[in-house]
>>> print(open('run.pdb').read())   # PDB, C-alpha atoms
MODEL        1
ATOM      1  CA  ILE W   1     -28.349 -16.206 -11.607  1.00  0.00           C
ATOM      2  CA  THR W   2     -29.108 -19.474  -9.839  1.00  0.00           C
ATOM      3  CA  GLY W   3     -30.025 -19.617  -6.170  1.00  0.00           C
ATOM      4  CA  ALA W   4     -31.245 -16.042  -6.503  1.00  0.00           C
ATOM      5  CA  ALA W   5     -34.113 -16.152  -4.000  1.00  0.00           C
ATOM      6  CA  ARG W   6     -31.844 -15.380  -1.051  1.00  0.00           C
ATOM      7  CA  GLY W   7     -28.295 -15.061   0.187  1.00  0.00           C
ATOM      8  CA  THR W   8     -25.411 -14.758  -2.248  1.00  0.00           C
ATOM      9  CA  GLY W   9     -27.613 -15.280  -5.311  1.00  0.00           C
ATOM     10  CA  ALA W  10     -29.953 -12.428  -4.342  1.00  0.00           C
ATOM     11  CA  ALA W  11     -27.013 -10.180  -3.471  1.00  0.00           C
ATOM     12  CA  THR W  12     -25.364 -10.937  -6.814  1.00  0.00           C
ATOM     13  CA  ALA W  13     -28.573 -10.113  -8.674  1.00  0.00           C
ATOM     14  CA  ARG W  14     -28.878  -6.802  -6.806  1.00  0.00           C
ATOM     15  CA  ARG W  15     -25.302  -5.872  -7.603  1.00  0.00           C
ATOM     16  CA  PHE W  16     -25.654  -6.724 -11.291  1.00  0.00           C
ATOM     17  CA  VAL W  17     -28.798  -4.591 -11.560  1.00  0.00           C
ATOM     18  CA  GLU W  18     -27.030  -1.731  -9.734  1.00  0.00           C
ATOM     19  CA  GLU W  19     -24.300  -1.979 -12.370  1.00  0.00           C
ATOM     20  CA  GLY W  20     -26.839  -1.734 -15.197  1.00  0.00           C
ATOM     21  CA  ALA W  21     -27.366  -5.386 -16.108  1.00  0.00           C
ATOM     22  CA  SER W  22     -30.612  -7.155 -16.868  1.00  0.00           C
ATOM     23  CA  VAL W  23     -30.865 -10.391 -14.919  1.00  0.00           C
ATOM     24  CA  LEU W  24     -32.933 -13.554 -14.875  1.00  0.00           C
ATOM     25  CA  LEU W  25     -33.185 -14.933 -11.356  1.00  0.00           C
ATOM     26  CA  GLY W  26     -33.603 -18.676 -11.021  1.00  0.00           C
ATOM     27  CA  ASP W  27     -34.515 -20.708  -7.954  1.00  0.00           C
ATOM     28  CA  VAL W  28     -36.997 -23.265  -6.643  1.00  0.00           C
ATOM     29  CA  LEU W  29     -38.209 -20.891  -3.918  1.00  0.00           C
ATOM     30  CA  ASP W  30     -40.786 -19.198  -6.110  1.00  0.00           C
ATOM     31  CA  ASP W  31     -42.335 -16.783  -3.605  1.00  0.00           C
ATOM     32  CA  LEU W  32     -38.965 -15.456  -2.458  1.00  0.00           C
ATOM     33  CA  GLY W  33     -37.549 -15.376  -5.980  1.00  0.00           C
ATOM     34  CA  ASN W  34     -40.493 -13.390  -7.305  1.00  0.00           C
ATOM     35  CA  GLU W  35     -40.208 -11.000  -4.365  1.00  0.00           C
ATOM     36  CA  VAL W  36     -36.520 -10.360  -5.052  1.00  0.00           C
ATOM     37  CA  ALA W  37     -37.131  -9.866  -8.788  1.00  0.00           C
ATOM     38  CA  GLU W  38     -40.026  -7.470  -8.198  1.00  0.00           C
ATOM     39  CA  GLY W  39     -37.879  -5.479  -5.779  1.00  0.00           C
ATOM     40  CA  LEU W  40     -35.188  -5.088  -8.431  1.00  0.00           C
ATOM     41  CA  GLY W  41     -37.554  -3.541 -10.976  1.00  0.00           C
ATOM     42  CA  PRO W  42     -37.910  -4.002 -14.729  1.00  0.00           C
ATOM     43  CA  SER W  43     -34.303  -5.127 -15.242  1.00  0.00           C
ATOM     44  CA  ALA W  44     -35.003  -8.355 -13.369  1.00  0.00           C
ATOM     45  CA  ALA W  45     -37.293 -11.321 -13.907  1.00  0.00           C
ATOM     46  CA  TYR W  46     -37.817 -14.573 -12.025  1.00  0.00           C
ATOM     47  CA  LEU W  47     -38.040 -18.086 -13.439  1.00  0.00           C
ATOM     48  CA  HIS W  48     -38.582 -21.346 -11.548  1.00  0.00           C
ATOM     49  CA  LEU W  49     -35.296 -23.186 -12.111  1.00  0.00           C
ATOM     50  CA  ASP W  50     -34.278 -26.510 -10.627  1.00  0.00           C
ATOM     51  CA  VAL W  51     -30.643 -26.795 -11.690  1.00  0.00           C
ATOM     52  CA  ARG W  52     -30.924 -30.607 -11.587  1.00  0.00           C
ATOM     53  CA  GLU W  53     -33.466 -30.606 -14.428  1.00  0.00           C
ATOM     54  CA  PRO W  54     -32.060 -30.244 -17.981  1.00  0.00           C
ATOM     55  CA  GLY W  55     -35.421 -29.046 -19.298  1.00  0.00           C
ATOM     56  CA  HIS W  56     -35.384 -26.154 -16.865  1.00  0.00           C
ATOM     57  CA  TRP W  57     -32.109 -24.931 -18.387  1.00  0.00           C
ATOM     58  CA  SER W  58     -33.630 -24.955 -21.867  1.00  0.00           C
ATOM     59  CA  ALA W  59     -36.584 -22.952 -20.589  1.00  0.00           C
ATOM     60  CA  ALA W  60     -34.251 -20.480 -18.875  1.00  0.00           C
ATOM     61  CA  VAL W  61     -32.254 -19.853 -22.054  1.00  0.00           C
ATOM     62  CA  GLY W  62     -35.466 -19.350 -24.012  1.00  0.00           C
ATOM     63  CA  ASP W  63     -36.860 -16.999 -21.376  1.00  0.00           C
ATOM     64  CA  VAL W  64     -33.752 -14.841 -21.160  1.00  0.00           C
ATOM     65  CA  THR W  65     -33.599 -14.656 -24.958  1.00  0.00           C
ATOM     66  CA  ASP W  66     -37.241 -13.590 -25.183  1.00  0.00           C
ATOM     67  CA  ARG W  67     -37.015 -11.041 -22.366  1.00  0.00           C
ATOM     68  CA  PHE W  68     -33.546  -9.600 -22.838  1.00  0.00           C
ATOM     69  CA  GLY W  69     -32.450 -10.556 -26.343  1.00  0.00           C
ATOM     70  CA  GLY W  70     -29.946 -13.227 -25.335  1.00  0.00           C
ATOM     71  CA  VAL W  71     -27.273 -14.232 -22.872  1.00  0.00           C
ATOM     72  CA  ASP W  72     -23.938 -12.487 -22.526  1.00  0.00           C
TER      73      ASP W  72
ENDMDL
END
>>> encode(input="run.pdb", output="structure tokens")
Amino acid sequence: ITGAARGTGAATARRFVEEGASVLLGDVLDDLGNEVAEGLGPSAAYLHLDVREPGHWSAAVGDVTDRFGGVD
């Protein structure tokens, strides 16, 4: 979930976790993003993600695959 450090992104991450999903939270606001992910427990993880940077997307896909087994 992009923009997950606050606002709609954080709320979406919370809702997905409440519904049983595992989520990777991405944002450039690292302190806030980590705080949100930690508050959501083991079903959530944070990754620094600048959506303007193609290399960040590759890292995000690799991270979610390693942590959660893939994207669905």
>>> residues_around(input="run.pdb", residues="Arg67 (chain W)", least_positions_apart="5", cutoff="12 Å", atoms="all atoms listed in the file", output="list of chain:residue names")
W:Ser22, W:Val23, W:Leu24, W:Pro42, W:Ser43, W:Ala44, W:Ala45, W:Tyr46, W:Leu47, W:Ala60, W:Val61, W:Gly62
>>> resolve_selection(input="run.pdb", expression="the PyMOL selection byres ((chain W and resi 31) around 12)", output="compact mmCIF listing (two decimals) with C-alpha atoms, in the frame of the given file")
# COMPACT_ATOMS: atom_id res chain seq x y z
CA ALA W 4 -31.24 -16.04 -6.50
CA ALA W 5 -34.11 -16.15 -4.00
CA ARG W 6 -31.84 -15.38 -1.05
CA GLY W 26 -33.60 -18.68 -11.02
CA ASP W 27 -34.52 -20.71 -7.95
CA VAL W 28 -37.00 -23.26 -6.64
CA LEU W 29 -38.21 -20.89 -3.92
CA ASP W 30 -40.79 -19.20 -6.11
CA LEU W 32 -38.97 -15.46 -2.46
CA GLY W 33 -37.55 -15.38 -5.98
CA ASN W 34 -40.49 -13.39 -7.30
CA GLU W 35 -40.21 -11.00 -4.36
CA VAL W 36 -36.52 -10.36 -5.05
CA ALA W 37 -37.13 -9.87 -8.79
CA GLU W 38 -40.03 -7.47 -8.20
CA TYR W 46 -37.82 -14.57 -12.02
CA LEU W 47 -38.04 -18.09 -13.44
CA HIS W 48 -38.58 -21.35 -11.55
>>> atom_distance(input="run.pdb", atom1="CA of Glu53 (chain W)", atom2="CA of Ala11 (chain W)")
24.1 Å
>>> atom_distance(input="run.pdb", atom1="CA of Ala13 (chain W)", atom2="CA of Ile1 (chain W)")
6.8 Å
>>> atom_distance(input="run.pdb", atom1="CA of Arg15 (chain W)", atom2="CA of Asp66 (chain W)")
22.6 Å
